[in-house]
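One file, final-v2.csv, is given below (CSV, N, CA and C atoms).
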```csv
chain,number,residue,atom,x,y,z
A,1,MET,N,18.3,52.7,1.0
A,1,MET,CA,18.5,51.2,1.0
A,1,MET,C,17.9,50.6,-0.2
A,2,ARG,N,18.6,49.8,-1.0
A,2,ARG,CA,18.1,49.2,-2.2
A,2,ARG,C,17.4,47.9,-1.8
A,3,LYS,N,16.3,47.6,-2.4
A,3,LYS,CA,15.5,46.4,-2.1
A,3,LYS,C,15.4,45.4,-3.2
A,4,HIS,N,15.1,44.2,-2.9
A,4,HIS,CA,14.7,43.2,-4.0
A,4,HIS,C,13.4,43.7,-4.5
A,5,ALA,N,13.1,43.3,-5.7
A,5,ALA,CA,11.8,43.7,-6.3
A,5,ALA,C,11.4,42.7,-7.3
A,6,SER,N,10.2,42.7,-7.7
A,6,SER,CA,9.7,41.9,-8.8
A,6,SER,C,9.0,42.8,-9.8
A,7,LEU,N,9.3,42.5,-11.1
A,7,LEU,CA,8.6,43.3,-12.2
A,7,LEU,C,7.7,42.3,-12.9
A,8,ILE,N,6.4,42.6,-13.0
A,8,ILE,CA,5.4,41.8,-13.6
A,8,ILE,C,5.0,42.5,-14.9
A,9,TYR,N,5.0,41.8,-16.0
A,9,TYR,CA,4.5,42.3,-17.2
A,9,TYR,C,3.2,41.4,-17.6
A,10,ALA,N,2.1,42.0,-17.6
A,10,ALA,CA,0.8,41.3,-17.8
A,10,ALA,C,0.1,41.7,-19.1
A,11,ASP,N,-0.4,40.8,-19.8
A,11,ASP,CA,-1.1,41.0,-21.1
A,11,ASP,C,-2.5,40.3,-21.0
A,12,MET,N,-3.6,41.0,-21.3
A,12,MET,CA,-4.9,40.4,-21.3
A,12,MET,C,-5.0,39.4,-22.4
A,13,ASP,N,-5.6,38.3,-22.2
A,13,ASP,CA,-5.8,37.3,-23.2
A,13,ASP,C,-7.2,37.5,-23.8
A,14,GLY,N,-7.4,37.5,-25.1
A,14,GLY,CA,-8.7,37.6,-25.7
A,14,GLY,C,-9.4,38.9,-25.7
A,15,LEU,N,-8.7,40.0,-25.6
A,15,LEU,CA,-9.3,41.3,-25.7
A,15,LEU,C,-9.9,41.6,-27.1
A,16,LYS,N,-9.2,41.2,-28.1
A,16,LYS,CA,-9.7,41.3,-29.5
A,16,LYS,C,-11.1,40.6,-29.6
A,17,LYS,N,-11.2,39.4,-29.1
A,17,LYS,CA,-12.4,38.7,-29.2
A,17,LYS,C,-13.5,39.4,-28.4
A,18,ILE,N,-13.2,39.9,-27.3
A,18,ILE,CA,-14.2,40.7,-26.5
A,18,ILE,C,-14.7,41.9,-27.3
A,19,ASN,N,-13.7,42.7,-27.9
A,19,ASN,CA,-14.1,43.8,-28.7
A,19,ASN,C,-14.9,43.4,-29.9
A,20,ASP,N,-14.5,42.3,-30.6
A,20,ASP,CA,-15.2,41.9,-31.8
A,20,ASP,C,-16.6,41.4,-31.5
A,21,THR,N,-16.8,40.7,-30.4
A,21,THR,CA,-18.0,40.1,-30.0
A,21,THR,C,-19.0,41.1,-29.3
A,22,TYR,N,-18.5,41.9,-28.4
A,22,TYR,CA,-19.4,42.7,-27.5
A,22,TYR,C,-19.2,44.2,-27.8
A,23,GLY,N,-18.2,44.6,-28.6
A,23,GLY,CA,-18.0,46.0,-28.8
A,23,GLY,C,-16.8,46.6,-28.0
A,24,HIS,N,-16.3,47.7,-28.5
A,24,HIS,CA,-15.2,48.3,-27.8
A,24,HIS,C,-15.5,48.9,-26.5
A,25,ASN,N,-16.7,49.3,-26.2
A,25,ASN,CA,-17.1,49.8,-24.9
A,25,ASN,C,-17.0,48.6,-23.9
A,26,GLU,N,-17.4,47.5,-24.3
A,26,GLU,CA,-17.2,46.3,-23.4
A,26,GLU,C,-15.8,46.0,-23.2
A,27,GLY,N,-15.0,46.1,-24.3
A,27,GLY,CA,-13.6,45.9,-24.1
A,27,GLY,C,-12.9,46.8,-23.2
A,28,SER,N,-13.4,48.1,-23.2
A,28,SER,CA,-12.8,49.1,-22.2
A,28,SER,C,-13.2,48.7,-20.8
A,29,LEU,N,-14.4,48.2,-20.6
A,29,LEU,CA,-14.9,47.8,-19.3
A,29,LEU,C,-14.0,46.6,-18.8
A,30,ALA,N,-13.7,45.7,-19.7
A,30,ALA,CA,-12.8,44.5,-19.4
A,30,ALA,C,-11.5,45.0,-18.9
A,31,ILE,N,-10.9,46.0,-19.6
A,31,ILE,CA,-9.6,46.5,-19.2
A,31,ILE,C,-9.7,47.2,-17.8
A,32,THR,N,-10.8,47.9,-17.6
A,32,THR,CA,-11.0,48.5,-16.3
A,32,THR,C,-11.1,47.5,-15.2
A,33,LYS,N,-11.8,46.4,-15.5
A,33,LYS,CA,-12.0,45.3,-14.5
A,33,LYS,C,-10.6,44.6,-14.2
A,34,VAL,N,-9.8,44.4,-15.2
A,34,VAL,CA,-8.5,43.9,-15.0
A,34,VAL,C,-7.7,44.8,-14.1
A,35,ALA,N,-7.8,46.1,-14.3
A,35,ALA,CA,-7.0,47.1,-13.5
A,35,ALA,C,-7.5,47.0,-12.1
A,36,GLU,N,-8.8,46.8,-11.8
A,36,GLU,CA,-9.3,46.7,-10.5
A,36,GLU,C,-8.8,45.4,-9.8
A,37,ILE,N,-8.7,44.3,-10.6
A,37,ILE,CA,-8.2,43.0,-10.0
A,37,ILE,C,-6.7,43.2,-9.7
A,38,LEU,N,-6.0,43.9,-10.5
A,38,LEU,CA,-4.6,44.2,-10.2
A,38,LEU,C,-4.4,45.0,-8.9
A,39,ARG,N,-5.3,46.0,-8.8
A,39,ARG,CA,-5.2,46.8,-7.6
A,39,ARG,C,-5.5,46.0,-6.3
A,40,GLN,N,-6.5,45.1,-6.5
A,40,GLN,CA,-6.9,44.3,-5.3
A,40,GLN,C,-5.8,43.2,-5.0
A,41,THR,N,-5.0,42.9,-6.0
A,41,THR,CA,-4.0,41.8,-5.8
A,41,THR,C,-2.7,42.4,-5.2
A,42,PHE,N,-2.3,43.6,-5.6
A,42,PHE,CA,-1.0,44.1,-5.2
A,42,PHE,C,-1.2,45.1,-4.1
A,43,ARG,N,-0.1,45.4,-3.4
A,43,ARG,CA,-0.1,46.3,-2.2
A,43,ARG,C,-0.3,47.8,-2.7
A,44,GLU,N,-0.7,48.6,-1.8
A,44,GLU,CA,-0.8,50.0,-2.2
A,44,GLU,C,0.5,50.6,-2.5
A,45,SER,N,1.6,50.1,-2.0
A,45,SER,CA,3.0,50.6,-2.2
A,45,SER,C,3.5,50.1,-3.6
A,46,ASP,N,2.9,49.1,-4.2
A,46,ASP,CA,3.3,48.6,-5.5
A,46,ASP,C,2.9,49.6,-6.6
A,47,ILE,N,3.6,49.6,-7.7
A,47,ILE,CA,3.3,50.6,-8.8
A,47,ILE,C,2.7,49.8,-9.9
A,48,ILE,N,1.5,50.1,-10.3
A,48,ILE,CA,0.7,49.5,-11.4
A,48,ILE,C,0.6,50.5,-12.5
A,49,ALA,N,1.0,50.1,-13.7
A,49,ALA,CA,0.9,51.0,-14.8
A,49,ALA,C,0.3,50.3,-16.0
A,50,ARG,N,-0.6,51.0,-16.7
A,50,ARG,CA,-1.1,50.4,-18.0
A,50,ARG,C,-0.2,51.0,-19.1
A,51,LEU,N,0.5,50.1,-19.8
A,51,LEU,CA,1.4,50.5,-20.9
A,51,LEU,C,0.6,51.0,-22.1
A,52,GLY,N,-0.6,50.5,-22.3
A,52,GLY,CA,-1.4,50.8,-23.4
A,52,GLY,C,-2.1,49.5,-23.9
A,53,GLY,N,-3.2,49.7,-24.6
A,53,GLY,CA,-3.9,48.6,-25.0
A,53,GLY,C,-4.3,47.7,-23.9
A,54,ASP,N,-3.8,46.4,-23.9
A,54,ASP,CA,-4.2,45.5,-22.9
A,54,ASP,C,-3.0,45.0,-22.1
A,55,GLU,N,-2.0,45.9,-22.0
A,55,GLU,CA,-0.7,45.5,-21.3
A,55,GLU,C,-0.5,46.4,-20.1
A,56,PHE,N,-0.1,45.7,-19.0
A,56,PHE,CA,0.2,46.4,-17.7
A,56,PHE,C,1.6,45.9,-17.2
A,57,THR,N,2.2,46.8,-16.4
A,57,THR,CA,3.4,46.4,-15.7
A,57,THR,C,3.1,46.7,-14.2
A,58,ILE,N,3.7,45.9,-13.4
A,58,ILE,CA,3.6,46.1,-11.9
A,58,ILE,C,5.0,46.0,-11.3
A,59,LEU,N,5.4,47.0,-10.5
A,59,LEU,CA,6.7,46.9,-9.8
A,59,LEU,C,6.3,46.7,-8.3
A,60,ALA,N,6.7,45.5,-7.8
A,60,ALA,CA,6.4,45.2,-6.5
A,60,ALA,C,7.8,45.1,-5.7
A,61,THR,N,8.0,46.1,-4.8
A,61,THR,CA,9.3,46.1,-4.1
A,61,THR,C,9.2,45.3,-2.8
A,62,GLY,N,10.4,44.9,-2.4
A,62,GLY,CA,10.6,44.2,-1.1
A,62,GLY,C,10.1,42.8,-1.2
A,63,ILE,N,10.0,42.2,-2.5
A,63,ILE,CA,9.6,40.8,-2.6
A,63,ILE,C,10.9,40.0,-3.0
A,64,PHE,N,11.2,39.0,-2.2
A,64,PHE,CA,12.3,38.2,-2.4
A,64,PHE,C,11.9,37.1,-3.4
A,65,PRO,N,12.8,36.6,-4.2
A,65,PRO,CA,12.5,35.6,-5.3
A,65,PRO,C,11.7,34.4,-4.8
A,66,GLU,N,11.9,34.0,-3.6
A,66,GLU,CA,11.2,32.8,-3.1
A,66,GLU,C,9.7,33.1,-2.8
A,67,LYS,N,9.3,34.4,-2.8
A,67,LYS,CA,7.9,34.8,-2.6
A,67,LYS,C,7.2,35.1,-3.9
A,68,THR,N,7.9,35.0,-5.0
A,68,THR,CA,7.3,35.4,-6.3
A,68,THR,C,6.0,34.5,-6.6
A,69,ASN,N,6.1,33.2,-6.3
A,69,ASN,CA,4.9,32.4,-6.5
A,69,ASN,C,3.7,32.8,-5.7
A,70,VAL,N,3.9,33.3,-4.5
A,70,VAL,CA,2.8,33.8,-3.7
A,70,VAL,C,2.0,34.9,-4.5
A,71,VAL,N,2.8,35.8,-5.1
A,71,VAL,CA,2.2,36.9,-5.8
A,71,VAL,C,1.5,36.4,-7.1
A,72,ALA,N,2.1,35.5,-7.8
A,72,ALA,CA,1.5,34.9,-9.0
A,72,ALA,C,0.2,34.1,-8.6
A,73,ASN,N,0.3,33.4,-7.5
A,73,ASN,CA,-0.9,32.6,-7.1
A,73,ASN,C,-2.1,33.5,-6.7
A,74,ARG,N,-1.7,34.6,-6.0
A,74,ARG,CA,-2.8,35.6,-5.6
A,74,ARG,C,-3.4,36.2,-6.8
A,75,LEU,N,-2.7,36.5,-7.8
A,75,LEU,CA,-3.2,37.1,-9.1
A,75,LEU,C,-4.1,36.1,-9.8
A,76,GLU,N,-3.7,34.9,-9.9
A,76,GLU,CA,-4.5,33.8,-10.6
A,76,GLU,C,-5.8,33.6,-9.7
A,77,GLU,N,-5.7,33.6,-8.4
A,77,GLU,CA,-6.8,33.3,-7.6
A,77,GLU,C,-7.8,34.5,-7.7
A,78,ASN,N,-7.4,35.7,-7.8
A,78,ASN,CA,-8.3,36.8,-7.9
A,78,ASN,C,-9.0,36.8,-9.3
A,79,LEU,N,-8.3,36.4,-10.3
A,79,LEU,CA,-8.9,36.3,-11.6
A,79,LEU,C,-10.0,35.1,-11.6
A,80,ALA,N,-9.6,34.0,-11.0
A,80,ALA,CA,-10.5,32.9,-10.9
A,80,ALA,C,-11.8,33.2,-10.1
A,81,ASN,N,-11.6,34.0,-9.0
A,81,ASN,CA,-12.8,34.4,-8.2
A,81,ASN,C,-13.7,35.3,-9.0
A,82,TYR,N,-13.1,36.2,-9.8
A,82,TYR,CA,-14.0,37.0,-10.7
A,82,TYR,C,-14.7,36.2,-11.7
A,83,ASN,N,-14.0,35.3,-12.3
A,83,ASN,CA,-14.6,34.4,-13.3
A,83,ASN,C,-15.7,33.5,-12.7
A,84,ALA,N,-15.5,33.1,-11.5
A,84,ALA,CA,-16.5,32.2,-10.8
A,84,ALA,C,-17.8,32.9,-10.4
A,85,GLU,N,-17.7,34.2,-10.3
A,85,GLU,CA,-18.9,35.0,-10.0
A,85,GLU,C,-20.0,34.7,-11.1
A,86,GLY,N,-19.6,34.6,-12.3
A,86,GLY,CA,-20.5,34.2,-13.4
A,86,GLY,C,-21.6,35.2,-13.8
A,87,ASN,N,-21.4,36.5,-13.3
A,87,ASN,CA,-22.4,37.5,-13.7
A,87,ASN,C,-21.9,38.4,-14.8
A,88,HIS,N,-21.1,37.8,-15.7
A,88,HIS,CA,-20.6,38.5,-16.9
A,88,HIS,C,-20.6,37.6,-18.1
A,89,GLN,N,-20.4,38.2,-19.3
A,89,GLN,CA,-20.5,37.5,-20.5
A,89,GLN,C,-19.3,36.7,-20.9
A,90,TYR,N,-18.2,37.0,-20.3
A,90,TYR,CA,-16.9,36.4,-20.7
A,90,TYR,C,-16.0,36.3,-19.4
A,91,ASP,N,-15.0,35.4,-19.5
A,91,ASP,CA,-14.0,35.3,-18.4
A,91,ASP,C,-12.8,36.2,-18.8
A,92,LEU,N,-12.2,36.6,-17.7
A,92,LEU,CA,-10.9,37.4,-17.9
A,92,LEU,C,-9.7,36.5,-17.7
A,93,SER,N,-8.7,36.7,-18.5
A,93,SER,CA,-7.5,35.9,-18.4
A,93,SER,C,-6.3,36.8,-18.7
A,94,LEU,N,-5.2,36.6,-17.9
A,94,LEU,CA,-4.0,37.3,-18.1
A,94,LEU,C,-2.8,36.3,-18.4
A,95,SER,N,-2.0,36.6,-19.3
A,95,SER,CA,-0.7,36.0,-19.4
A,95,SER,C,0.3,37.0,-18.7
A,96,PHE,N,1.2,36.5,-17.9
A,96,PHE,CA,2.1,37.4,-17.2
A,96,PHE,C,3.5,36.7,-17.0
A,97,GLY,N,4.5,37.6,-17.0
A,97,GLY,CA,5.8,37.2,-16.8
A,97,GLY,C,6.4,37.9,-15.6
A,98,ILE,N,7.1,37.3,-14.8
A,98,ILE,CA,7.7,37.9,-13.6
A,98,ILE,C,9.2,37.8,-13.6
A,99,ILE,N,9.9,38.9,-13.4
A,99,ILE,CA,11.3,38.8,-13.2
A,99,ILE,C,11.7,39.3,-11.8
A,100,ASN,N,12.6,38.7,-11.2
A,100,ASN,CA,13.1,39.1,-9.9
A,100,ASN,C,14.3,40.0,-10.1
A,101,ILE,N,14.3,41.1,-9.4
A,101,ILE,CA,15.3,42.1,-9.6
A,101,ILE,C,16.2,42.2,-8.3
A,102,ASP,N,17.4,41.8,-8.5
A,102,ASP,CA,18.4,41.9,-7.4
A,102,ASP,C,18.7,43.4,-7.2
A,103,PRO,N,18.9,43.8,-6.0
A,103,PRO,CA,19.2,45.2,-5.7
A,103,PRO,C,20.5,45.7,-6.4
A,104,ASP,N,21.4,44.8,-6.7
A,104,ASP,CA,22.7,45.1,-7.3
A,104,ASP,C,22.7,45.0,-8.8
A,105,ASN,N,21.5,44.8,-9.4
A,105,ASN,CA,21.5,44.7,-10.9
A,105,ASN,C,21.9,46.0,-11.5
A,106,GLU,N,22.4,45.9,-12.7
A,106,GLU,CA,22.8,47.1,-13.5
A,106,GLU,C,22.1,47.3,-14.8
A,107,LEU,N,20.9,46.6,-14.9
A,107,LEU,CA,20.2,46.7,-16.1
A,107,LEU,C,19.3,48.0,-16.1
A,108,SER,N,19.1,48.5,-17.3
A,108,SER,CA,18.2,49.7,-17.4
A,108,SER,C,16.7,49.3,-17.2
A,109,VAL,N,15.9,50.3,-17.0
A,109,VAL,CA,14.5,50.0,-16.9
A,109,VAL,C,14.0,49.3,-18.2
A,110,GLU,N,14.4,49.8,-19.3
A,110,GLU,CA,14.0,49.3,-20.6
A,110,GLU,C,14.4,47.8,-20.7
A,111,GLU,N,15.6,47.5,-20.3
A,111,GLU,CA,16.1,46.1,-20.3
A,111,GLU,C,15.3,45.2,-19.4
A,112,LEU,N,14.9,45.7,-18.2
A,112,LEU,CA,14.1,44.9,-17.3
A,112,LEU,C,12.7,44.7,-17.8
A,113,VAL,N,12.1,45.7,-18.4
A,113,VAL,CA,10.8,45.6,-19.0
A,113,VAL,C,10.8,44.6,-20.2
A,114,ALA,N,11.9,44.6,-21.0
A,114,ALA,CA,12.0,43.7,-22.1
A,114,ALA,C,12.1,42.3,-21.6
A,115,LYS,N,12.8,42.0,-20.5
A,115,LYS,CA,13.0,40.7,-19.9
A,115,LYS,C,11.6,40.2,-19.4
A,116,ALA,N,10.9,41.1,-18.7
A,116,ALA,CA,9.6,40.7,-18.2
A,116,ALA,C,8.6,40.4,-19.3
A,117,ASP,N,8.7,41.2,-20.4
A,117,ASP,CA,7.9,41.0,-21.6
A,117,ASP,C,8.2,39.6,-22.2
A,118,GLU,N,9.5,39.3,-22.3
A,118,GLU,CA,9.9,38.0,-22.8
A,118,GLU,C,9.3,36.9,-22.0
A,119,ALA,N,9.4,37.0,-20.6
A,119,ALA,CA,8.8,36.0,-19.7
A,119,ALA,C,7.3,35.9,-19.9
A,120,MET,N,6.6,37.0,-20.1
A,120,MET,CA,5.2,37.0,-20.4
A,120,MET,C,4.9,36.2,-21.6
A,121,TYR,N,5.6,36.4,-22.7
A,121,TYR,CA,5.3,35.7,-23.9
A,121,TYR,C,5.6,34.2,-23.8
A,122,LYS,N,6.6,33.9,-23.0
A,122,LYS,CA,6.8,32.5,-22.7
A,122,LYS,C,5.7,31.9,-22.0
A,123,HIS,N,5.1,32.6,-21.0
A,123,HIS,CA,3.9,32.2,-20.3
A,123,HIS,C,2.7,32.0,-21.2
A,124,LYS,N,2.5,33.0,-22.1
A,124,LYS,CA,1.4,32.9,-23.0
A,124,LYS,C,1.5,31.7,-23.9
A,125,ARG,N,2.8,31.4,-24.4
A,125,ARG,CA,3.0,30.2,-25.3
A,125,ARG,C,2.7,28.9,-24.5
A,126,SER,N,3.0,28.9,-23.2
A,126,SER,CA,2.7,27.7,-22.5
A,126,SER,C,1.2,27.5,-22.1
A,127,ARG,N,0.4,28.5,-22.5
A,127,ARG,CA,-1.0,28.5,-22.3
A,127,ARG,C,-1.4,28.4,-20.8
A,128,ARG,N,-0.6,29.1,-20.0
A,128,ARG,CA,-1.0,29.3,-18.6
A,128,ARG,C,-0.8,28.0,-17.8
A,129,LYS,N,0.0,27.0,-18.3
A,129,LYS,CA,0.2,25.8,-17.6
A,129,LYS,C,1.3,26.0,-16.5
A,130,SER,N,2.2,26.9,-16.7
A,130,SER,CA,3.2,27.2,-15.7
A,130,SER,C,3.6,28.6,-15.7
A,131,LEU,N,4.1,29.1,-14.6
A,131,LEU,CA,4.5,30.5,-14.5
A,131,LEU,C,5.9,30.6,-15.2
A,132,ALA,N,5.9,31.6,-16.1
A,132,ALA,CA,7.2,31.8,-16.8
A,132,ALA,C,8.0,32.8,-16.0
A,133,ARG,N,9.1,32.5,-15.6
A,133,ARG,CA,10.0,33.4,-14.8
A,133,ARG,C,11.4,33.3,-15.3
A,134,ARG,N,12.1,34.3,-15.1
A,134,ARG,CA,13.5,34.3,-15.4
A,134,ARG,C,14.3,34.3,-14.1
A,135,VAL,N,15.5,33.9,-14.1
A,135,VAL,CA,16.3,33.9,-12.9
A,135,VAL,C,16.5,35.4,-12.5
A,136,GLU,N,17.0,35.6,-11.3
A,136,GLU,CA,17.2,36.9,-10.8
A,136,GLU,C,18.1,37.7,-11.7
A,137,VAL,N,17.8,39.0,-11.9
A,137,VAL,CA,18.5,39.8,-12.8
A,137,VAL,C,19.4,40.8,-11.9
```
Turn this file's structure into structure tokens for me.
Amino acid sequence: MRKHASLIYADMDGLKKINDTYGHNEGSLAITKVAEILRQTFRESDIIARLGGDEFTILATGIFPEKTNVVANRLEENLANYNAEGNHQYDLSLSFGIINIDPDNELSVEELVAKADEAMYKHKRSRRKSLARRVEV
């Protein structure tokens, strides 16, 4: 049975500044912490992958388009909770794009990732004032 899904493309904001200010070891720790926050945000059945550098993708199955904001809000809340702890030298921030995948779509994985990446850059340009999403694919 084919299911609705959401594909999230996430990019860390400010990793270069963390690396330049605190060193690459600290940058690696920041990436690890983001990965932990992603694991705490998403279900065990969701697939989280680090594409390289400071970019991640998440495939969350069984999520209908009207629930996409719930996922986005949970991610932003978990980042805010980490930043509110205040026991670190810098805050973590992610720009992310979410596309909703209809079970009957005929796009390739590469095309879906490209669309999610495009949505993420739109989100990054808006400076996190609104969630950048595309219509169902």
Atom CA of A:Leu7 to atom N of A:Lys67, straight-line distance in Å: 13.0 Å
Pairwise distance for atom C of A:Thr41 and atom C of A:Thr21, rounded to one decimal in Å: 29.1 Å
Spatial neighbours of stretch 117-127 of chain A, max dist 8 Å, all atoms listed in the file, sep filter under 5 positions, as a PyMOL selection string: chain A and resi 7-11+94-99+111-112+132-134
Polymer residues at most 9 Å from A:Ile48, only C-alpha atoms, same-chain spacing of 2 or more positions, as a list in words: Ala35, Leu38, Arg39, Phe42, Asp46, Arg50, Phe56, Thr57, Ile58, Leu59 and Ala60 of chain A
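Applying the 6 Å criterion to (12.5, 42.5, -10.8) in file coordinates and using only N, CA and C atoms, one obtains the residues Ala5, Ser6, Leu7, Ile99, Asn100, Ile101 and Asp102 of chain A.
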Which of stretch 32-116 of chain A fall in strand (DSSP E), as a VMD selection string: chain A and resid 47 to 52 55 to 61 94 to 101
